[in-house]
Amino acid sequence: MVNEYDVANLRSIFLDYGELRNAPALARAIVEAREERPIKTTDELKQVLANIYPKKCVIKY
């Protein structure tokens, strides 16, 4: 999904299911990152989204 959906679809998922206020920024970050290379692991996805969230909000799982 993260490697195939466009910005609009990702944003919609984040808004509808995650109720995330920063859904547009998350969707853009994913699309921009995968232009360089596909996102293959959850750790890679976490690294892509780390710049969006302040360190105090990062989930430590």
# chains A, B, ... in the order shown; residues from 1 in each chain; ligands from 1
>>> residues_around(residues="region 37-47 of chain A", least_positions_apart="6", cutoff="9 Å", atoms="only C-alpha atoms", output="list in words")
Val2, Asn3 and Ile30 of chain A
>>> select_by_dssp(residues="chain A", states="alpha helix (DSSP H)", output="PyMOL selection string")
chain A and resi 7-16+23-36+42-50
>>> residues_around(residues="Ala29 (chain A)", least_positions_apart="5", cutoff="12 Å", atoms="only C-alpha atoms", output="list in words")
Val2, Asn3, Asp6, Val7, Leu10, Arg11, Asn22, Ala23, Pro24, Arg34, Glu35, Glu36, Ile39, Leu45, Lys46, Gln47, Val48, Leu49, Ala50, Asn51, Ile52 and Tyr53 of chain A
>>> atom_distance(atom1="CA of Leu15 (chain A)", atom2="CA of Met1 (chain A)")
15.5 Å
>>> atom_distance(atom1="CA of Asp16 (chain A)", atom2="CA of Val31 (chain A)")
18.6 Å
